Structure formats: structure tokens, C-alpha cells
$ cat protein-v3.cif   # mmCIF, N, CA and C atoms
data_protein
#
loop_
_atom_site.label_atom_id
_atom_site.label_comp_id
_atom_site.auth_asym_id
_atom_site.auth_seq_id
_atom_site.Cartn_x
_atom_site.Cartn_y
_atom_site.Cartn_z
N MET A 229 121.63 -17.05 -5.65
CA MET A 229 120.92 -17.95 -4.76
C MET A 229 119.98 -17.19 -3.82
N PHE A 230 120.49 -16.12 -3.22
CA PHE A 230 119.66 -15.37 -2.28
C PHE A 230 118.52 -14.63 -2.98
N LEU A 231 118.72 -14.24 -4.22
CA LEU A 231 117.65 -13.60 -4.99
C LEU A 231 116.49 -14.58 -5.17
N PHE A 232 116.80 -15.86 -5.38
CA PHE A 232 115.75 -16.88 -5.54
C PHE A 232 114.98 -17.09 -4.24
N ILE A 233 115.67 -16.98 -3.11
CA ILE A 233 114.99 -17.09 -1.82
C ILE A 233 114.01 -15.94 -1.66
N THR A 234 114.46 -14.73 -1.95
CA THR A 234 113.58 -13.55 -1.83
C THR A 234 112.39 -13.69 -2.76
N LEU A 235 112.63 -14.04 -4.01
CA LEU A 235 111.55 -14.18 -4.99
C LEU A 235 110.61 -15.32 -4.60
N GLY A 236 111.15 -16.44 -4.14
CA GLY A 236 110.33 -17.57 -3.72
C GLY A 236 109.42 -17.23 -2.55
N VAL A 237 109.98 -16.51 -1.58
CA VAL A 237 109.17 -16.10 -0.42
C VAL A 237 108.10 -15.11 -0.86
N PHE A 238 108.45 -14.19 -1.76
CA PHE A 238 107.46 -13.24 -2.29
C PHE A 238 106.28 -14.00 -2.90
N LEU A 239 106.57 -15.00 -3.72
CA LEU A 239 105.51 -15.78 -4.36
C LEU A 239 104.72 -16.59 -3.33
N LEU A 240 105.42 -17.16 -2.36
CA LEU A 240 104.76 -17.92 -1.30
C LEU A 240 103.82 -17.04 -0.47
N MET A 241 104.17 -15.79 -0.33
CA MET A 241 103.36 -14.88 0.47
C MET A 241 101.96 -14.67 -0.12
N GLU A 242 101.78 -14.86 -1.41
CA GLU A 242 100.43 -14.77 -1.98
C GLU A 242 99.55 -15.87 -1.38
N GLY A 243 100.09 -17.05 -1.23
CA GLY A 243 99.34 -18.14 -0.59
C GLY A 243 99.09 -17.87 0.88
N VAL A 244 100.09 -17.35 1.56
CA VAL A 244 99.94 -17.00 2.97
C VAL A 244 98.88 -15.91 3.12
N SER A 245 98.92 -14.92 2.24
CA SER A 245 97.96 -13.82 2.26
C SER A 245 96.54 -14.35 2.02
N TRP A 246 96.38 -15.22 1.01
CA TRP A 246 95.06 -15.79 0.70
C TRP A 246 94.52 -16.56 1.91
N PHE A 247 95.35 -17.42 2.48
CA PHE A 247 94.95 -18.23 3.63
C PHE A 247 94.57 -17.33 4.81
N THR A 248 95.41 -16.36 5.09
CA THR A 248 95.16 -15.44 6.21
C THR A 248 93.87 -14.67 5.99
N HIS A 249 93.65 -14.20 4.76
CA HIS A 249 92.46 -13.42 4.47
C HIS A 249 91.20 -14.28 4.62
N LYS A 250 91.24 -15.49 4.06
CA LYS A 250 90.05 -16.34 4.08
C LYS A 250 89.74 -16.91 5.46
N TYR A 251 90.76 -17.43 6.14
CA TYR A 251 90.50 -18.18 7.37
C TYR A 251 90.75 -17.40 8.66
N ILE A 252 91.53 -16.35 8.61
CA ILE A 252 91.77 -15.57 9.83
C ILE A 252 90.97 -14.26 9.79
N MET A 253 91.16 -13.47 8.73
CA MET A 253 90.45 -12.20 8.65
C MET A 253 88.93 -12.41 8.56
N HIS A 254 88.51 -13.42 7.82
CA HIS A 254 87.08 -13.73 7.73
C HIS A 254 86.71 -14.83 8.71
N GLY A 255 87.56 -15.08 9.68
CA GLY A 255 87.31 -16.05 10.74
C GLY A 255 87.40 -15.33 12.08
N PHE A 256 88.29 -15.85 12.95
CA PHE A 256 88.38 -15.28 14.30
C PHE A 256 88.95 -13.86 14.32
N GLY A 257 89.58 -13.41 13.23
CA GLY A 257 90.10 -12.04 13.16
C GLY A 257 89.13 -11.04 12.55
N TRP A 258 87.87 -11.46 12.39
CA TRP A 258 86.86 -10.59 11.78
C TRP A 258 86.72 -9.27 12.54
N TYR A 259 86.91 -9.31 13.85
CA TYR A 259 86.81 -8.10 14.67
C TYR A 259 87.73 -7.00 14.12
N LEU A 260 88.92 -7.37 13.68
CA LEU A 260 89.85 -6.39 13.13
C LEU A 260 89.57 -6.08 11.66
N HIS A 261 89.02 -7.03 10.94
CA HIS A 261 88.85 -6.90 9.48
C HIS A 261 87.50 -6.28 9.11
N GLU A 262 86.54 -6.34 10.01
CA GLU A 262 85.16 -5.93 9.70
C GLU A 262 85.05 -4.50 9.19
N ASP A 263 85.78 -3.57 9.80
CA ASP A 263 85.65 -2.17 9.38
C ASP A 263 86.15 -1.96 7.95
N HIS A 264 86.98 -2.86 7.46
CA HIS A 264 87.46 -2.76 6.09
C HIS A 264 86.35 -3.05 5.08
N HIS A 265 85.32 -3.76 5.50
CA HIS A 265 84.20 -4.10 4.61
C HIS A 265 83.04 -3.12 4.73
N GLN A 266 83.23 -2.05 5.45
CA GLN A 266 82.18 -1.04 5.55
C GLN A 266 82.27 -0.12 4.34
N PRO A 267 81.13 0.42 3.88
CA PRO A 267 81.12 1.20 2.64
C PRO A 267 82.03 2.42 2.66
N LYS A 268 82.03 3.17 3.72
CA LYS A 268 82.85 4.39 3.79
C LYS A 268 83.80 4.28 4.97
N TYR A 269 85.06 4.31 4.67
CA TYR A 269 86.05 4.32 5.73
C TYR A 269 87.14 5.31 5.32
N GLN A 270 87.67 6.00 6.29
CA GLN A 270 88.71 6.99 6.02
C GLN A 270 89.76 6.88 7.10
N GLY A 271 90.96 7.25 6.74
CA GLY A 271 92.04 7.20 7.71
C GLY A 271 92.43 5.77 8.04
N PHE A 272 92.81 5.56 9.28
CA PHE A 272 93.23 4.23 9.71
C PHE A 272 92.03 3.39 10.08
N GLU A 273 92.17 2.08 9.89
CA GLU A 273 91.14 1.11 10.25
C GLU A 273 91.76 0.11 11.22
N LYS A 274 90.92 -0.61 11.93
CA LYS A 274 91.44 -1.70 12.77
C LYS A 274 92.14 -2.74 11.88
N ASN A 275 91.66 -2.88 10.67
CA ASN A 275 92.22 -3.83 9.71
C ASN A 275 93.71 -3.55 9.44
N ASP A 276 94.14 -2.32 9.59
CA ASP A 276 95.54 -1.97 9.36
C ASP A 276 96.49 -2.68 10.33
N ALA A 277 95.95 -3.23 11.39
CA ALA A 277 96.78 -3.99 12.34
C ALA A 277 97.43 -5.19 11.66
N PHE A 278 96.81 -5.70 10.60
CA PHE A 278 97.38 -6.85 9.90
C PHE A 278 98.71 -6.50 9.23
N PHE A 279 98.91 -5.23 8.88
CA PHE A 279 100.21 -4.81 8.34
C PHE A 279 101.29 -5.04 9.39
N VAL A 280 100.98 -4.72 10.63
CA VAL A 280 101.94 -4.91 11.71
C VAL A 280 102.21 -6.40 11.93
N VAL A 281 101.15 -7.20 11.86
CA VAL A 281 101.29 -8.65 12.04
C VAL A 281 102.28 -9.22 11.04
N PHE A 282 102.24 -8.77 9.79
CA PHE A 282 103.16 -9.27 8.78
C PHE A 282 104.52 -8.56 8.84
N ALA A 283 104.56 -7.33 9.33
CA ALA A 283 105.82 -6.59 9.39
C ALA A 283 106.75 -7.13 10.47
N ILE A 284 106.21 -7.59 11.57
CA ILE A 284 107.04 -8.05 12.68
C ILE A 284 107.95 -9.21 12.28
N PRO A 285 107.42 -10.30 11.68
CA PRO A 285 108.36 -11.36 11.29
C PRO A 285 109.36 -10.90 10.24
N SER A 286 108.94 -10.03 9.35
CA SER A 286 109.86 -9.51 8.33
C SER A 286 111.01 -8.76 8.99
N MET A 287 110.69 -7.87 9.92
CA MET A 287 111.73 -7.09 10.60
C MET A 287 112.66 -7.99 11.40
N LEU A 288 112.09 -8.97 12.10
CA LEU A 288 112.91 -9.87 12.90
C LEU A 288 113.84 -10.71 12.03
N LEU A 289 113.31 -11.21 10.91
CA LEU A 289 114.14 -12.00 10.00
C LEU A 289 115.26 -11.16 9.38
N ILE A 290 114.95 -9.93 9.01
CA ILE A 290 115.98 -9.04 8.45
C ILE A 290 117.04 -8.74 9.52
N TYR A 291 116.60 -8.46 10.72
CA TYR A 291 117.54 -8.16 11.81
C TYR A 291 118.46 -9.36 12.09
N PHE A 292 117.86 -10.52 12.34
CA PHE A 292 118.68 -11.69 12.69
C PHE A 292 119.49 -12.19 11.51
N GLY A 293 118.96 -12.03 10.30
CA GLY A 293 119.70 -12.44 9.11
C GLY A 293 120.90 -11.57 8.82
N SER A 294 120.83 -10.31 9.23
CA SER A 294 121.96 -9.41 8.98
C SER A 294 122.97 -9.41 10.13
N ASN A 295 122.58 -9.98 11.27
CA ASN A 295 123.47 -9.98 12.44
C ASN A 295 123.96 -11.36 12.83
N THR A 296 123.72 -12.35 11.99
CA THR A 296 124.19 -13.71 12.27
C THR A 296 124.77 -14.30 10.99
N GLU A 297 125.24 -15.51 11.07
CA GLU A 297 125.76 -16.17 9.87
C GLU A 297 124.64 -16.79 9.04
N TYR A 298 123.39 -16.67 9.48
CA TYR A 298 122.25 -17.23 8.75
C TYR A 298 121.70 -16.19 7.77
N ASN A 299 122.46 -15.92 6.72
CA ASN A 299 122.10 -14.89 5.76
C ASN A 299 120.77 -15.13 5.07
N TYR A 300 120.38 -16.38 4.93
CA TYR A 300 119.13 -16.69 4.24
C TYR A 300 117.93 -16.06 4.97
N LEU A 301 118.03 -15.86 6.29
CA LEU A 301 116.95 -15.23 7.04
C LEU A 301 116.71 -13.81 6.55
N LEU A 302 117.79 -13.12 6.23
CA LEU A 302 117.70 -11.76 5.70
C LEU A 302 116.86 -11.75 4.43
N HIS A 303 117.07 -12.70 3.56
CA HIS A 303 116.38 -12.73 2.28
C HIS A 303 114.95 -13.23 2.41
N ILE A 304 114.69 -14.05 3.38
CA ILE A 304 113.30 -14.40 3.68
C ILE A 304 112.55 -13.16 4.15
N GLY A 305 113.18 -12.40 5.03
CA GLY A 305 112.58 -11.14 5.50
C GLY A 305 112.37 -10.16 4.37
N PHE A 306 113.32 -10.09 3.42
CA PHE A 306 113.15 -9.21 2.26
C PHE A 306 111.99 -9.66 1.39
N GLY A 307 111.80 -10.97 1.25
CA GLY A 307 110.67 -11.48 0.46
C GLY A 307 109.34 -11.06 1.06
N ILE A 308 109.23 -11.15 2.38
CA ILE A 308 108.01 -10.72 3.07
C ILE A 308 107.84 -9.20 2.92
N LEU A 309 108.93 -8.46 3.07
CA LEU A 309 108.90 -7.01 2.90
C LEU A 309 108.44 -6.61 1.50
N CYS A 310 108.99 -7.26 0.48
CA CYS A 310 108.62 -6.94 -0.90
C CYS A 310 107.14 -7.22 -1.15
N TYR A 311 106.64 -8.32 -0.58
CA TYR A 311 105.21 -8.61 -0.73
C TYR A 311 104.38 -7.55 0.00
N GLY A 312 104.83 -7.12 1.15
CA GLY A 312 104.12 -6.07 1.88
C GLY A 312 104.04 -4.78 1.09
N VAL A 313 105.14 -4.42 0.43
CA VAL A 313 105.14 -3.21 -0.41
C VAL A 313 104.18 -3.39 -1.58
N ALA A 314 104.22 -4.56 -2.23
CA ALA A 314 103.31 -4.84 -3.35
C ALA A 314 101.86 -4.80 -2.87
N TYR A 315 101.60 -5.39 -1.71
CA TYR A 315 100.25 -5.40 -1.15
C TYR A 315 99.76 -3.97 -0.92
N PHE A 316 100.61 -3.16 -0.31
CA PHE A 316 100.25 -1.77 -0.06
C PHE A 316 99.93 -1.04 -1.36
N LEU A 317 100.81 -1.18 -2.35
CA LEU A 317 100.60 -0.47 -3.61
C LEU A 317 99.35 -0.95 -4.35
N VAL A 318 99.13 -2.26 -4.38
CA VAL A 318 97.97 -2.79 -5.11
C VAL A 318 96.69 -2.59 -4.31
N HIS A 319 96.69 -3.01 -3.05
CA HIS A 319 95.45 -3.00 -2.27
C HIS A 319 95.05 -1.60 -1.80
N ASP A 320 95.95 -0.91 -1.15
CA ASP A 320 95.59 0.38 -0.56
C ASP A 320 95.65 1.54 -1.55
N VAL A 321 96.61 1.51 -2.45
CA VAL A 321 96.76 2.62 -3.39
C VAL A 321 95.89 2.42 -4.63
N LEU A 322 96.07 1.30 -5.31
CA LEU A 322 95.36 1.08 -6.57
C LEU A 322 93.88 0.75 -6.36
N ILE A 323 93.59 -0.23 -5.52
CA ILE A 323 92.21 -0.71 -5.38
C ILE A 323 91.35 0.23 -4.54
N HIS A 324 91.79 0.54 -3.33
CA HIS A 324 90.95 1.34 -2.43
C HIS A 324 91.20 2.84 -2.53
N GLN A 325 92.20 3.24 -3.30
CA GLN A 325 92.47 4.66 -3.53
C GLN A 325 92.66 5.44 -2.22
N ARG A 326 93.29 4.80 -1.23
CA ARG A 326 93.57 5.52 0.02
C ARG A 326 94.59 6.62 -0.22
N PHE A 327 95.37 6.46 -1.26
CA PHE A 327 96.28 7.49 -1.74
C PHE A 327 95.98 7.62 -3.23
N LYS A 328 95.87 8.79 -3.73
CA LYS A 328 95.43 9.03 -5.11
C LYS A 328 96.62 9.05 -6.08
N TRP A 329 97.40 7.99 -6.09
CA TRP A 329 98.59 7.96 -6.94
C TRP A 329 98.33 7.35 -8.31
N PHE A 330 97.50 6.30 -8.36
CA PHE A 330 97.24 5.60 -9.63
C PHE A 330 95.75 5.58 -9.89
N LYS A 331 95.16 6.73 -10.07
CA LYS A 331 93.71 6.81 -10.20
C LYS A 331 93.21 6.18 -11.49
N ASN A 332 93.84 6.48 -12.59
CA ASN A 332 93.35 6.02 -13.89
C ASN A 332 94.36 5.10 -14.54
N THR A 333 94.04 3.82 -14.55
CA THR A 333 94.93 2.86 -15.20
C THR A 333 94.13 2.10 -16.25
N ASN A 334 94.75 1.87 -17.38
CA ASN A 334 94.12 1.08 -18.43
C ASN A 334 94.75 -0.30 -18.53
N ASN A 335 95.59 -0.66 -17.59
CA ASN A 335 96.25 -1.95 -17.59
C ASN A 335 95.23 -3.05 -17.27
N ASN A 336 95.11 -4.03 -18.16
CA ASN A 336 94.10 -5.09 -17.99
C ASN A 336 94.31 -5.89 -16.70
N TYR A 337 95.57 -6.17 -16.37
CA TYR A 337 95.86 -6.93 -15.16
C TYR A 337 95.39 -6.16 -13.92
N LEU A 338 95.74 -4.89 -13.84
CA LEU A 338 95.36 -4.09 -12.68
C LEU A 338 93.85 -3.89 -12.61
N ARG A 339 93.20 -3.73 -13.76
CA ARG A 339 91.73 -3.61 -13.76
C ARG A 339 91.09 -4.91 -13.30
N GLY A 340 91.67 -6.06 -13.69
CA GLY A 340 91.16 -7.35 -13.24
C GLY A 340 91.28 -7.52 -11.73
N LEU A 341 92.42 -7.09 -11.17
CA LEU A 341 92.58 -7.14 -9.71
C LEU A 341 91.54 -6.28 -9.02
N ARG A 342 91.31 -5.11 -9.57
CA ARG A 342 90.32 -4.19 -9.01
C ARG A 342 88.91 -4.80 -9.05
N LYS A 343 88.58 -5.42 -10.18
CA LYS A 343 87.26 -6.03 -10.35
C LYS A 343 87.06 -7.18 -9.35
N ALA A 344 88.06 -8.02 -9.21
CA ALA A 344 87.96 -9.15 -8.28
C ALA A 344 87.79 -8.66 -6.85
N HIS A 345 88.50 -7.61 -6.49
CA HIS A 345 88.40 -7.10 -5.12
C HIS A 345 87.04 -6.45 -4.90
N LYS A 346 86.51 -5.83 -5.93
CA LYS A 346 85.17 -5.23 -5.85
C LYS A 346 84.14 -6.32 -5.58
N ILE A 347 84.30 -7.47 -6.24
CA ILE A 347 83.40 -8.61 -6.00
C ILE A 347 83.55 -9.09 -4.56
N HIS A 348 84.78 -9.11 -4.05
CA HIS A 348 85.01 -9.52 -2.66
C HIS A 348 84.26 -8.59 -1.70
N HIS A 349 84.29 -7.31 -1.97
CA HIS A 349 83.66 -6.33 -1.06
C HIS A 349 82.17 -6.19 -1.29
N LYS A 350 81.66 -6.79 -2.35
CA LYS A 350 80.21 -6.75 -2.61
C LYS A 350 79.46 -7.35 -1.43
N ASN A 351 80.03 -8.40 -0.85
CA ASN A 351 79.49 -9.00 0.36
C ASN A 351 80.16 -8.31 1.55
N MET A 352 79.40 -7.59 2.32
CA MET A 352 80.00 -6.83 3.43
C MET A 352 80.08 -7.63 4.72
N GLY A 353 79.64 -8.89 4.69
CA GLY A 353 79.66 -9.70 5.88
C GLY A 353 80.86 -10.63 5.94
N LYS A 354 80.91 -11.37 7.01
CA LYS A 354 82.01 -12.30 7.29
C LYS A 354 81.94 -13.54 6.40
N GLU A 355 80.73 -14.01 6.12
CA GLU A 355 80.52 -15.26 5.38
C GLU A 355 80.30 -14.99 3.90
N ASP A 356 80.46 -16.04 3.12
CA ASP A 356 80.10 -16.06 1.70
C ASP A 356 80.88 -15.09 0.82
N SER A 357 82.06 -14.71 1.21
CA SER A 357 82.89 -13.87 0.35
C SER A 357 83.64 -14.74 -0.65
N GLN A 358 84.19 -14.12 -1.66
CA GLN A 358 85.01 -14.82 -2.64
C GLN A 358 86.18 -13.93 -3.01
N CYS A 359 87.10 -14.45 -3.79
CA CYS A 359 88.29 -13.71 -4.26
C CYS A 359 89.14 -13.19 -3.09
N PHE A 360 89.82 -14.09 -2.43
CA PHE A 360 90.63 -13.71 -1.28
C PHE A 360 92.07 -13.39 -1.65
N GLY A 361 92.46 -13.65 -2.88
CA GLY A 361 93.82 -13.37 -3.32
C GLY A 361 94.05 -11.89 -3.57
N MET A 362 95.32 -11.53 -3.71
CA MET A 362 95.63 -10.13 -3.98
C MET A 362 96.29 -9.97 -5.33
N LEU A 363 97.27 -10.77 -5.65
CA LEU A 363 97.95 -10.66 -6.94
C LEU A 363 97.50 -11.72 -7.93
N LEU A 364 96.97 -12.83 -7.42
CA LEU A 364 96.47 -13.91 -8.26
C LEU A 364 94.98 -14.09 -8.00
N VAL A 365 94.19 -13.76 -8.98
CA VAL A 365 92.74 -13.90 -8.87
C VAL A 365 92.26 -14.70 -10.08
N PRO A 366 91.05 -15.26 -10.03
CA PRO A 366 90.56 -16.07 -11.15
C PRO A 366 90.61 -15.32 -12.49
N PHE A 367 90.88 -16.07 -13.52
CA PHE A 367 91.06 -15.53 -14.88
C PHE A 367 89.83 -14.76 -15.36
N LYS A 368 88.65 -15.15 -14.93
CA LYS A 368 87.42 -14.51 -15.42
C LYS A 368 87.39 -13.01 -15.16
N TYR A 369 88.12 -12.54 -14.19
CA TYR A 369 88.11 -11.11 -13.87
C TYR A 369 88.98 -10.29 -14.84
N PHE A 370 89.75 -10.97 -15.65
CA PHE A 370 90.59 -10.27 -16.61
C PHE A 370 89.95 -10.23 -18.00
N GLN A 371 88.85 -10.92 -18.18
CA GLN A 371 88.18 -10.96 -19.48
C GLN A 371 87.26 -9.76 -19.62
N LYS A 372 87.15 -9.29 -20.83
CA LYS A 372 86.23 -8.18 -21.11
C LYS A 372 84.80 -8.71 -21.04
N PRO A 373 83.87 -7.91 -20.52
CA PRO A 373 82.47 -8.37 -20.46
C PRO A 373 81.90 -8.56 -21.87
N LYS A 374 81.07 -9.60 -22.02
CA LYS A 374 80.41 -9.85 -23.31
C LYS A 374 79.17 -9.00 -23.42
N LEU A 375 78.99 -8.39 -24.55
CA LEU A 375 77.83 -7.53 -24.76
C LEU A 375 76.67 -8.30 -25.32
#
$ encode --input "protein-v3.cif" --output "C-alpha cells"
Amino acid sequence: MFLFITLGVFLLMEGVSWFTHKYIMHGFGWYLHEDHHQPKYQGFEKNDAFFVVFAIPSMLLIYFGSNTEYNYLLHIGFGILCYGVAYFLVHDVLIHQRFKWFKNTNNNYLRGLRKAHKIHHKNMGKEDSQCFGMLLVPFKYFQKPKL
């Protein structure tokens, strides 16, 4: 039962991430997200503050879920944590190469994610961006280009 809670929250977090990216990061939170859309960035960015924003509820849920009779809170926190780890590995490691761990991948799914994110960053401004998802992006990005 608790595994389903963790997995369900993990899946739900893709929607939360999409909504947050589209309406907060590209909305009133643009001040923090803007440096992420600059062509060359190194080290920490203001955008990294969003990791903390998502980590706080995860930590609190894990803490209260492990110290009370409300065990389901622990698994909700784990779901958020697992999504955060996936986000870090896909977004920061695979896509932006902030760490050079997975430089060359031939996996079609991972290449599609990379392509969709590249389209998102093609527009360096706050408006008119597309592809706000991280793990679920439109199918067209997974298709091979027609010659």
C-alpha cells in the first residue's frame, strides 16, 4: 500500500513540476528562473533555489511521517524525494551536463527528453516557451527526423 502512495506521488509530481515551471518559474518566479535560460551558466544559479522549495515539504513530510502514527506522510515525502532525485539526474546531469556522468547516451527516450528541453531553452525569454515537462514530453520529440 505504501509503495503505491510513493509511486503515485512520484507520478503526480510531474504535473506539479509542469505547473510550477509554466506558471511560477515563467511567471512571478522568473527572477529566480531567468539565469537558467542564459546561454552560459556555471556553478550555482538562482534557479537552484527551486530545489530547496521542493525539498522542504519532502523533508517535513518524511520527518512527521516517521515520528507520528501518520505513516502515509513518510511515503508522500519519499515520492517527492524520488521525483527530486529523478529531476536532478535527468535535468541537471543528463540534459544540462552540469555533471559529466551520462555524456553519451543512445537511449531514444533520453534523447527525446534532451531534444524537448533544448526546444524549451531555444526561447531565452519569459514568454512563448514550450515543453515545460521533465519526464513526459510530447511524442514528436521521440521520433526520428524525416530526411
$ select_by_dssp --input "protein-v3.cif" --residues "stretch 229-275 of chain A" --states "alpha helix (DSSP H)" --output "list in words"
Phe230, Leu231, Phe232, Ile233, Thr234, Leu235, Gly236, Val237, Phe238, Leu239, Leu240, Met241, Glu242, Gly243, Val244, Ser245, Trp246, Phe247, Trp258, Tyr259, Leu260 and His261 of chain A
$ residues_around --input "protein-v3.cif" --residues "stretch 291-307 of chain A" --least-positions-apart "6" --cutoff "12 Å" --atoms "only C-alpha atoms" --output "PyMOL selection string"
chain A and resi 229-242+282-285+313-314
$ atom_distance --input "protein-v3.cif" --atom1 "atom CA of A:His348" --atom2 "atom N of A:Phe360"
6.6 Å
$ atom_distance --input "protein-v3.cif" --atom1 "atom CA of A:Leu288" --atom2 "atom CA of A:Gly243"
20.8 Å
$ atom_distance --input "protein-v3.cif" --atom1 "atom C of A:Asp263" --atom2 "atom N of A:Asp320"
13.4 Å
$ build_atoms --input "protein-v3.cif" --residues "stretch 311-320 of chain A" --atoms "all heavy atoms" --output "PDB file, keeping the file's coordinate frame"
ATOM      1  N   TYR A 311     106.640  -8.320  -0.580  1.00  0.00           N
ATOM      2  CA  TYR A 311     105.210  -8.610  -0.730  1.00  0.00           C
ATOM      3  C   TYR A 311     104.380  -7.550   0.000  1.00  0.00           C
ATOM      4  O   TYR A 311     103.338  -7.120  -0.505  1.00  0.00           O
ATOM      5  CB  TYR A 311     104.864 -10.005  -0.200  1.00  0.00           C
ATOM      6  CG  TYR A 311     103.446 -10.383  -0.539  1.00  0.00           C
ATOM      7  CD1 TYR A 311     103.136 -10.917  -1.784  1.00  0.00           C
ATOM      8  CD2 TYR A 311     102.415 -10.169   0.362  1.00  0.00           C
ATOM      9  CE1 TYR A 311     101.839 -11.236  -2.118  1.00  0.00           C
ATOM     10  CE2 TYR A 311     101.112 -10.488   0.041  1.00  0.00           C
ATOM     11  CZ  TYR A 311     100.826 -11.025  -1.199  1.00  0.00           C
ATOM     12  OH  TYR A 311      99.533 -11.320  -1.537  1.00  0.00           O
ATOM     13  N   GLY A 312     104.830  -7.120   1.150  1.00  0.00           N
ATOM     14  CA  GLY A 312     104.120  -6.070   1.880  1.00  0.00           C
ATOM     15  C   GLY A 312     104.040  -4.780   1.090  1.00  0.00           C
ATOM     16  O   GLY A 312     103.007  -4.106   1.061  1.00  0.00           O
ATOM     17  N   VAL A 313     105.140  -4.420   0.430  1.00  0.00           N
ATOM     18  CA  VAL A 313     105.140  -3.210  -0.410  1.00  0.00           C
ATOM     19  C   VAL A 313     104.180  -3.390  -1.580  1.00  0.00           C
ATOM     20  O   VAL A 313     103.388  -2.492  -1.897  1.00  0.00           O
ATOM     21  CB  VAL A 313     106.572  -2.882  -0.900  1.00  0.00           C
ATOM     22  CG1 VAL A 313     106.561  -1.793  -1.953  1.00  0.00           C
ATOM     23  CG2 VAL A 313     107.456  -2.486   0.273  1.00  0.00           C
ATOM     24  N   ALA A 314     104.220  -4.560  -2.230  1.00  0.00           N
ATOM     25  CA  ALA A 314     103.310  -4.840  -3.350  1.00  0.00           C
ATOM     26  C   ALA A 314     101.860  -4.800  -2.870  1.00  0.00           C
ATOM     27  O   ALA A 314     100.984  -4.247  -3.537  1.00  0.00           O
ATOM     28  CB  ALA A 314     103.631  -6.184  -3.979  1.00  0.00           C
ATOM     29  N   TYR A 315     101.600  -5.390  -1.710  1.00  0.00           N
ATOM     30  CA  TYR A 315     100.250  -5.400  -1.150  1.00  0.00           C
ATOM     31  C   TYR A 315      99.760  -3.970  -0.920  1.00  0.00           C
ATOM     32  O   TYR A 315      98.648  -3.616  -1.275  1.00  0.00           O
ATOM     33  CB  TYR A 315     100.229  -6.191   0.156  1.00  0.00           C
ATOM     34  CG  TYR A 315      98.839  -6.458   0.659  1.00  0.00           C
ATOM     35  CD1 TYR A 315      98.203  -7.666   0.379  1.00  0.00           C
ATOM     36  CD2 TYR A 315      98.148  -5.506   1.406  1.00  0.00           C
ATOM     37  CE1 TYR A 315      96.924  -7.911   0.829  1.00  0.00           C
ATOM     38  CE2 TYR A 315      96.868  -5.740   1.851  1.00  0.00           C
ATOM     39  CZ  TYR A 315      96.258  -6.949   1.557  1.00  0.00           C
ATOM     40  OH  TYR A 315      94.978  -7.186   2.001  1.00  0.00           O
ATOM     41  N   PHE A 316     100.610  -3.160  -0.310  1.00  0.00           N
ATOM     42  CA  PHE A 316     100.250  -1.770  -0.060  1.00  0.00           C
ATOM     43  C   PHE A 316      99.930  -1.040  -1.360  1.00  0.00           C
ATOM     44  O   PHE A 316      98.906  -0.366  -1.478  1.00  0.00           O
ATOM     45  CB  PHE A 316     101.379  -1.054   0.696  1.00  0.00           C
ATOM     46  CG  PHE A 316     101.200   0.434   0.773  1.00  0.00           C
ATOM     47  CD1 PHE A 316     100.275   0.985   1.638  1.00  0.00           C
ATOM     48  CD2 PHE A 316     101.955   1.272  -0.033  1.00  0.00           C
ATOM     49  CE1 PHE A 316     100.105   2.371   1.704  1.00  0.00           C
ATOM     50  CE2 PHE A 316     101.789   2.647   0.028  1.00  0.00           C
ATOM     51  CZ  PHE A 316     100.861   3.197   0.900  1.00  0.00           C
ATOM     52  N   LEU A 317     100.810  -1.180  -2.350  1.00  0.00           N
ATOM     53  CA  LEU A 317     100.600  -0.470  -3.610  1.00  0.00           C
ATOM     54  C   LEU A 317      99.350  -0.950  -4.350  1.00  0.00           C
ATOM     55  O   LEU A 317      98.601  -0.140  -4.899  1.00  0.00           O
ATOM     56  CB  LEU A 317     101.833  -0.609  -4.516  1.00  0.00           C
ATOM     57  CG  LEU A 317     103.068   0.140  -4.045  1.00  0.00           C
ATOM     58  CD1 LEU A 317     104.275  -0.212  -4.911  1.00  0.00           C
ATOM     59  CD2 LEU A 317     102.830   1.649  -4.047  1.00  0.00           C
ATOM     60  N   VAL A 318      99.130  -2.260  -4.380  1.00  0.00           N
ATOM     61  CA  VAL A 318      97.970  -2.790  -5.110  1.00  0.00           C
ATOM     62  C   VAL A 318      96.690  -2.590  -4.310  1.00  0.00           C
ATOM     63  O   VAL A 318      95.695  -2.073  -4.821  1.00  0.00           O
ATOM     64  CB  VAL A 318      98.180  -4.279  -5.460  1.00  0.00           C
ATOM     65  CG1 VAL A 318      96.906  -4.902  -5.994  1.00  0.00           C
ATOM     66  CG2 VAL A 318      99.297  -4.415  -6.480  1.00  0.00           C
ATOM     67  N   HIS A 319      96.690  -3.010  -3.050  1.00  0.00           N
ATOM     68  CA  HIS A 319      95.450  -3.000  -2.270  1.00  0.00           C
ATOM     69  C   HIS A 319      95.050  -1.600  -1.800  1.00  0.00           C
ATOM     70  O   HIS A 319      93.928  -1.158  -2.024  1.00  0.00           O
ATOM     71  CB  HIS A 319      95.588  -3.936  -1.063  1.00  0.00           C
ATOM     72  CG  HIS A 319      94.352  -4.032  -0.254  1.00  0.00           C
ATOM     73  ND1 HIS A 319      94.157  -3.292   0.880  1.00  0.00           N
ATOM     74  CD2 HIS A 319      93.223  -4.773  -0.427  1.00  0.00           C
ATOM     75  CE1 HIS A 319      92.970  -3.570   1.379  1.00  0.00           C
ATOM     76  NE2 HIS A 319      92.379  -4.468   0.606  1.00  0.00           N
ATOM     77  N   ASP A 320      95.950  -0.910  -1.150  1.00  0.00           N
ATOM     78  CA  ASP A 320      95.590   0.380  -0.560  1.00  0.00           C
ATOM     79  C   ASP A 320      95.650   1.540  -1.550  1.00  0.00           C
ATOM     80  O   ASP A 320      94.831   2.454  -1.469  1.00  0.00           O
ATOM     81  CB  ASP A 320      96.473   0.673   0.653  1.00  0.00           C
ATOM     82  CG  ASP A 320      96.124  -0.227   1.813  1.00  0.00           C
ATOM     83  OD1 ASP A 320      94.946  -0.273   2.178  1.00  0.00           O
ATOM     84  OD2 ASP A 320      97.025  -0.903   2.340  1.00  0.00           O
TER      85      ASP A 320
END
